Amino acid sequence: RRDPSDVIDVDGIYYVYYTKVIGRAPGYWGDIWVASSNDKGYTWKEERQVVGLGQKGTFDSQAVFTPNIIRSNGKYYLFYTGVKPTPGRSDGEFENNSTTDITALGLAVSDNPTGPFERHSTEPILEVSEDPEKFDSFRVDDASLLFREGKYLLYYKGRSRSHNESGPSHTQMGVAFANKPEGPYKKHPNPL
């Protein structure tokens with residue numbers, strides 16, 4: 001269990017969402033689960049998986065991880081990072097190379113904090129930039145949400161393809177804006 005989300009309070013019960021990896025080594029694997037606490041976070045009960053892998057060929061068919069959540073208009077919007085297998089590999093594996101193995105952000109929505117969550121779309125809600133020199137042309141992940149002055153702000157980590165293997169040391173934060181939690185999101189052109 002890793003990558004805990006923000007904790008939300010729903011009628012005195014706390015909920016946290018996280019990545020759970022079953023039967024595989026750590027890395028770009030995982031599903032998203034939820035746990036609840038009725039004693040203000042001192043003890044937690046694992047509830048269930050809320051988002052599994054996407055359909056074959058979609059942006060999130062390899063893994064879903066690093067969830068975060070925002071409650072709005074009586075619904076729960078769960079943002080997550082998705083990856084697909086390396087294009088062209090017949091074995092369906094993910095190489096984690098800096099050329100073709102990109103990440104994107106997805107969104108699942110529910111009326112209940114423990115689900116069921118339904119994907120908003122089979123397409124990502126936020127994708128990498130097409131220009132390989134941009135700070136977020138390789139990785140877009142780790143969503144964090146804020147509602148302020150009538151806008152939804154989606155903060156995310158970005159890495160550039162131009163940095164190749166040294167990419168992690170060049171990670172920068174970006175932000176995208178929308179009028180509704182489900183978007184569409186417009187990226188600020190520069191990193192924060």
# chains A, B, ... in the order shown; residues from 1 in each chain; ligands from 1
call {"tool": "closest_atom_pairs", "arguments": {"of": "stretch 46-71 of chain A", "to": "stretch 170-183 of chain A", "cutoff": "12 Å", "atoms": "only C-alpha atoms", "output": "Markdown table"}}
result
| residue | atom | partner | partner_atom | distance |
| --- | --- | --- | --- | --- |
| A:Ile69 | CA | A:Pro181 | CA | 10.4 |
| A:Ile70 | CA | A:Pro181 | CA | 8.3 |
| A:Arg71 | CA | A:Pro181 | CA | 9.1 |
call {"tool": "select_by_dssp", "arguments": {"residues": "stretch 10-166 of chain A", "states": "strand (DSSP E)", "output": "VMD selection string"}}
result
chain A and resid 10 13 to 20 31 to 37 45 to 51 63 to 72 75 to 83 103 to 110 118 to 119 139 to 148 151 to 159
call {"tool": "write_last_selection", "arguments": {"atoms": "C-alpha atoms", "output": "PDB file, in the first residue's frame"}}
result
ATOM      1  CA  VAL A  10     -17.823  12.334   5.188  1.00  0.00           C
ATOM      2  CA  ILE A  13     -16.053   8.904   8.758  1.00  0.00           C
ATOM      3  CA  TYR A  14     -12.612   9.446   7.232  1.00  0.00           C
ATOM      4  CA  TYR A  15     -11.652   7.950   3.855  1.00  0.00           C
ATOM      5  CA  VAL A  16      -8.259   7.561   2.234  1.00  0.00           C
ATOM      6  CA  TYR A  17      -7.467   6.182  -1.229  1.00  0.00           C
ATOM      7  CA  TYR A  18      -4.177   4.509  -2.110  1.00  0.00           C
ATOM      8  CA  THR A  19      -2.292   2.271  -4.495  1.00  0.00           C
ATOM      9  CA  LYS A  20      -2.285  -1.415  -3.642  1.00  0.00           C
ATOM     10  CA  ASP A  31      -4.933  -0.742  -8.412  1.00  0.00           C
ATOM     11  CA  ILE A  32      -6.677   1.873  -6.302  1.00  0.00           C
ATOM     12  CA  TRP A  33      -8.294   0.950  -2.997  1.00  0.00           C
ATOM     13  CA  VAL A  34     -10.129   2.798  -0.220  1.00  0.00           C
ATOM     14  CA  ALA A  35      -9.962   2.473   3.564  1.00  0.00           C
ATOM     15  CA  SER A  36     -12.198   4.071   6.196  1.00  0.00           C
ATOM     16  CA  SER A  37     -11.778   5.199   9.790  1.00  0.00           C
ATOM     17  CA  LYS A  45     -10.412  -0.641   7.771  1.00  0.00           C
ATOM     18  CA  GLU A  46      -9.614  -1.589   4.208  1.00  0.00           C
ATOM     19  CA  GLU A  47     -12.898  -1.409   2.308  1.00  0.00           C
ATOM     20  CA  ARG A  48     -12.380  -2.451  -1.309  1.00  0.00           C
ATOM     21  CA  GLN A  49     -10.769  -1.842  -4.655  1.00  0.00           C
ATOM     22  CA  VAL A  50     -12.384   1.187  -6.289  1.00  0.00           C
ATOM     23  CA  VAL A  51     -10.483   1.498  -9.601  1.00  0.00           C
ATOM     24  CA  ALA A  63      -1.579   0.236 -13.917  1.00  0.00           C
ATOM     25  CA  VAL A  64      -3.560   2.831 -11.982  1.00  0.00           C
ATOM     26  CA  PHE A  65      -1.970   4.538  -8.981  1.00  0.00           C
ATOM     27  CA  THR A  66      -1.344   7.789  -7.037  1.00  0.00           C
ATOM     28  CA  PRO A  67      -5.012   8.650  -6.446  1.00  0.00           C
ATOM     29  CA  ASN A  68      -6.407  11.870  -5.084  1.00  0.00           C
ATOM     30  CA  ILE A  69      -9.979  12.914  -4.476  1.00  0.00           C
ATOM     31  CA  ILE A  70     -12.208  15.950  -4.331  1.00  0.00           C
ATOM     32  CA  ARG A  71     -15.864  16.087  -3.295  1.00  0.00           C
ATOM     33  CA  SER A  72     -18.066  18.440  -5.304  1.00  0.00           C
ATOM     34  CA  LYS A  75     -20.140  13.459  -6.024  1.00  0.00           C
ATOM     35  CA  TYR A  76     -16.654  12.073  -5.439  1.00  0.00           C
ATOM     36  CA  TYR A  77     -14.089  12.740  -8.158  1.00  0.00           C
ATOM     37  CA  LEU A  78     -11.125  10.373  -7.957  1.00  0.00           C
ATOM     38  CA  PHE A  79      -8.132  11.419 -10.066  1.00  0.00           C
ATOM     39  CA  TYR A  80      -5.386   8.876 -10.741  1.00  0.00           C
ATOM     40  CA  THR A  81      -2.287   8.198 -12.832  1.00  0.00           C
ATOM     41  CA  GLY A  82      -2.574   5.608 -15.587  1.00  0.00           C
ATOM     42  CA  VAL A  83       0.006   3.831 -17.733  1.00  0.00           C
ATOM     43  CA  THR A 103       1.712   8.539 -18.115  1.00  0.00           C
ATOM     44  CA  ALA A 104      -1.574  10.440 -18.058  1.00  0.00           C
ATOM     45  CA  LEU A 105      -4.252  11.388 -15.536  1.00  0.00           C
ATOM     46  CA  GLY A 106      -7.627   9.698 -15.446  1.00  0.00           C
ATOM     47  CA  LEU A 107     -10.842  10.378 -13.566  1.00  0.00           C
ATOM     48  CA  ALA A 108     -13.428   8.108 -11.963  1.00  0.00           C
ATOM     49  CA  VAL A 109     -16.651   9.380 -10.355  1.00  0.00           C
ATOM     50  CA  SER A 110     -19.027   8.024  -7.698  1.00  0.00           C
ATOM     51  CA  GLU A 118     -17.079   4.700 -12.891  1.00  0.00           C
ATOM     52  CA  ARG A 119     -14.477   6.029 -15.293  1.00  0.00           C
ATOM     53  CA  ARG A 139       5.160  12.242 -17.292  1.00  0.00           C
ATOM     54  CA  VAL A 140       1.920  13.778 -16.073  1.00  0.00           C
ATOM     55  CA  ASP A 141       1.073  12.249 -12.709  1.00  0.00           C
ATOM     56  CA  ASP A 142       0.327  12.687  -8.995  1.00  0.00           C
ATOM     57  CA  ALA A 143      -2.793  14.867  -9.117  1.00  0.00           C
ATOM     58  CA  SER A 144      -3.692  17.252  -6.320  1.00  0.00           C
ATOM     59  CA  LEU A 145      -6.973  19.187  -6.435  1.00  0.00           C
ATOM     60  CA  LEU A 146      -8.182  22.514  -5.162  1.00  0.00           C
ATOM     61  CA  PHE A 147     -11.390  24.485  -5.690  1.00  0.00           C
ATOM     62  CA  ARG A 148     -10.795  28.214  -5.482  1.00  0.00           C
ATOM     63  CA  LYS A 151     -12.262  27.203 -10.588  1.00  0.00           C
ATOM     64  CA  TYR A 152     -10.942  23.677 -10.176  1.00  0.00           C
ATOM     65  CA  LEU A 153      -7.162  23.658 -10.025  1.00  0.00           C
ATOM     66  CA  LEU A 154      -5.437  20.414 -10.910  1.00  0.00           C
ATOM     67  CA  TYR A 155      -1.811  20.430  -9.770  1.00  0.00           C
ATOM     68  CA  TYR A 156       0.402  17.697 -11.195  1.00  0.00           C
ATOM     69  CA  LYS A 157       4.013  16.564 -11.557  1.00  0.00           C
ATOM     70  CA  GLY A 158       5.597  16.784 -14.975  1.00  0.00           C
ATOM     71  CA  ARG A 159       8.786  15.419 -16.510  1.00  0.00           C
TER      72      ARG A 159
END
call {"tool": "residues_around", "arguments": {"residues": "A:Ser129", "least_positions_apart": "6", "cutoff": "8 Å", "atoms": "only C-alpha atoms", "output": "count of residues only"}}
result
3
call {"tool": "closest_residue", "arguments": {"among": "A:Ser160, A:Ser61, A:Ser5, A:Asn73", "to": "A:Pro87", "atoms": "only C-alpha atoms"}}
result
A:Ser61
call {"tool": "atom_distance", "arguments": {"atom1": "atom CA of A:Lys84", "atom2": "atom CA of A:Ile8"}}
result
29.1 Å
